[in-house]
Amino acid sequence: MPSSQTHFLDSKHALEHLKEYKRRDGLSIMDLMDSTIHGGLTYNDFLLLPGKIDFPASDVFTESKITRNVVLKTPFISSPMDTVTETDMAIAMALLGGLGVIHHNQSPESQAAMVRAVKRHENGFIADPVVLAPTNIVEDVLDIKARLGFCGIPITDTGRLGGKLVGIVTARDIQFRDHNAPLHEVMTRDLVTAQQGITLSEANHILRDSKKGKLPIVDSEGRLISLLARSDLLKNQSYPLASKNPESKQLYAAAAVGTRPSDRERLTLLAEAGLDIVVLDSSQGNSVYQIEMIQWIKQTFPHLEVIAGNVVTREQAASLIGAGADALRVGMGSGSICITQEIMAVGRPQATAVYSVAEFASKFGVPVIADGGVGNVGHIVKAIALGAGAVMMGGLLAGTEEAPGEYFYHEGKRVKAYRGMGSLEAMEQGAVAKGSSASNANKGSSSSSGSSKYPVPKQPGIVENAATSRYFSESSAVKVAQGVSGDVQDKGSVKAFLPYLYVGVQHSLQDVGVKSVKALQEGVKEGQVRFELRTASAQVEGGVHGLNSYTKRLFA
């Protein structure tokens with residue numbers, strides 16, 4: 001019987017033979033995102049193809065631009081929703097290398113207090129420390145500790161910055177003291193100080209060696225110029241990725257405002273509190289209101305970075321870029337609690353929206369933020385590959401300890417409330433019930449009527465409603481919901497969850513064969529990073545399947 005022999009190519013020439021193929025395996029980004037062929041795509045509709053690994057995941061650099069002038073070390077931003085971001089979340093996000101955007105469904109004063117708390121949490125040289133006079137009393141120090149969370153306070157002869165430093169009051173100084181005792185009786189007079197002009201590094205060395213909690217910086221005449229805190233030195237060691245203003249060394253503070261005339265007064269308060277980044281919060285950003293607001297901000301507060309949006313098309317983006325936006329927020333109807341696409345028949349699948357806007361905005365040096373539709377690490381990496389500088393997360397961070405609201409049990413699970421800003425519950429926040437006085441409405445907000453699972457505004461009284469202005473519904477007799485209310489399972493602390501996302505992104509980029517966010521995006525543009533579409537069957541195959549039951553633990 002004749003034998004047939006198959007002839008194979010020499011395996012040593014495999015790489016050379018690969019060059020004979022006319023195109024690389026997989027699809028380029030332009031082929032993938034051709035909506036005339038594939039329609040609009042979501043993150044689940046495609047995958048990145050693996051590359052070559054020749055480096056450890058720990059070498060992956062996740063630094064990324066989120067506005068023209070702000071760079072974060074991790075591409076994570078928390079959404080300005082009243083069940084997601086207030087003081088605790090904003091501080092935690094910034095310490096871990098991201099950014100928290102404080103919501104505006106509250107009074108301007110309350111929001112400004114939150115911005116102030118973020119800015120005071122970590123400092124380099126504290127240029128505006130709280131200062132008291134020798135004639136102040138212990139009760140004044142206790143009040144500052146209750147409001148601001150610290151009590152290491154320098155004492156000057158005038159009670160103001162610039163006065164001659166005469167002492168300092170610490171927590172130990174006021175222990176067991178009469179609340180009416182004057183500070184000149186209890187303050188510490190034996191001080192370690194540093195002279196004006198010292199570098200931050202030199203000052204940190206003095207602070208470390210002196211074993212003191214605070215280091216006052218004085219001029220040649222002994223007048224207080226600034227202050228350095230040991231707690232900040234410890235935070236520098238514990239949080240090396242922290243998002244800080246390079247000049248002040250304070251954490252970045254971001255907050256949302258609307259586009260109505262009253263929001264200009266709100267923004268003035270926020271700017272006075274130290275705001276760095278303002279997010280213009282609107283479901284449809286291409287409006288005359290937002291364009292005028294951007295122009296006003298750039299004239300009035302030129303130091304503020306303005307993130308405009310939301311947009312999903314090049315045409316929308318062009319209007320806001322032309323008005324002076326420093327970044328664009330991309331997404332309409334893609335969030336887990338958003339029903340805009342279903343109810344309004346307006347929006348765009350998120351992956352297509354991010355790519356279309358990012359491709360256009362990049363020509364003008366304007367970064368984009370992918371807002372909505374992010375449910376896991378893979379979605380984050382896909383958004384970045386499509387051109388986003390960062391992702392904005394709501395549902396992924398809701399349910400953490402730092403999110404507003406209290407835990408409760410639902411069907412045996414520990415959960416927190418999570419609602420869309422287009423939900424009727426959010427639109428009714430701060431509204432006075434028919435036939436009730438404002439005071440009664442406020443009292444009812446803390447009752448067990450079923451709405452107590454939602455965070456209560458920090459300030460008493462009726463507050464402006466950010467939800468109605470976001471959806472242009474203030475004057476509507478009938479409120480049409482564009483979001484829903486629900487709950488999400490307890491995720492623990494964001495201080496454990498965000499490092500999981502960070503390491504997950506590093507491993508994903510390692511699989512793709514790139515060492516940084518910049519390298520990923522350049523590889524996509526050059527056609528080196530390739531993609532593949534996923535059919536419905538492929539999506540089933542790519543998930544957990546074929547098991548009777550399983551436990552899905554994301555990190556340990």
# chains A, B, ... in the order shown; residues from 1 in each chain; ligands from 1
$ closest_atom_pairs --of "range 206-318 of chain A" --to "range 160-177 of chain A" --cutoff "8 Å" --atoms "only C-alpha atoms" --output "CSV"
residue,atom,partner,partner_atom,distance
A:Val218,CA,A:Leu165,CA,7.7
A:Glu221,CA,A:Lys164,CA,7.7
A:Gly222,CA,A:Lys164,CA,5.6
A:Arg223,CA,A:Lys164,CA,4.1
A:Leu224,CA,A:Gly162,CA,5.0
A:Ile225,CA,A:Gly162,CA,5.9
A:Ser226,CA,A:Leu161,CA,7.8
$ residues_around --residues "range 30-43 of chain A" --least-positions-apart "2" --cutoff "8 Å" --atoms "only C-alpha atoms" --output "JSON, numbers by chain"
{"A": [27, 28, 45, 46, 348, 349, 350, 351, 352, 355, 373, 379, 382, 383, 531, 532, 533]}
$ residues_around --residues "range 339-342 of chain A" --least-positions-apart "6" --cutoff "10 Å" --atoms "only C-alpha atoms" --output "NGL selection string"
:A and (283 or 332-333 or 348-349 or 420 or 422-423 or 481-484)
$ closest_residue --among "A:Pro154, A:Gly513, A:Gly335, A:Pro499" --to "Ile126 in chain A" --atoms "only C-alpha atoms"
A:Pro154
$ closest_residue --among "A:Met344, A:Val115, A:Ala327, A:Val101" --to "Gly365 in chain A" --atoms "only C-alpha atoms"
A:Ala327
$ atom_distance --atom1 "CA of Asn204 in chain A" --atom2 "CA of Ala242 in chain A"
17.4 Å
$ closest_residue --among "A:Ala538, A:Leu15, A:Ala181, A:Val381" --to "Gln510 in chain A" --atoms "only C-alpha atoms"
A:Val381
$ atom_distance --atom1 "CA of Leu501 in chain A" --atom2 "CA of Ala398 in chain A"
14.5 Å
$ select_by_dssp --residues "range 361-407 of chain A" --states "alpha helix (DSSP H)" --output "number ranges by chain"
A: 361, 377-385
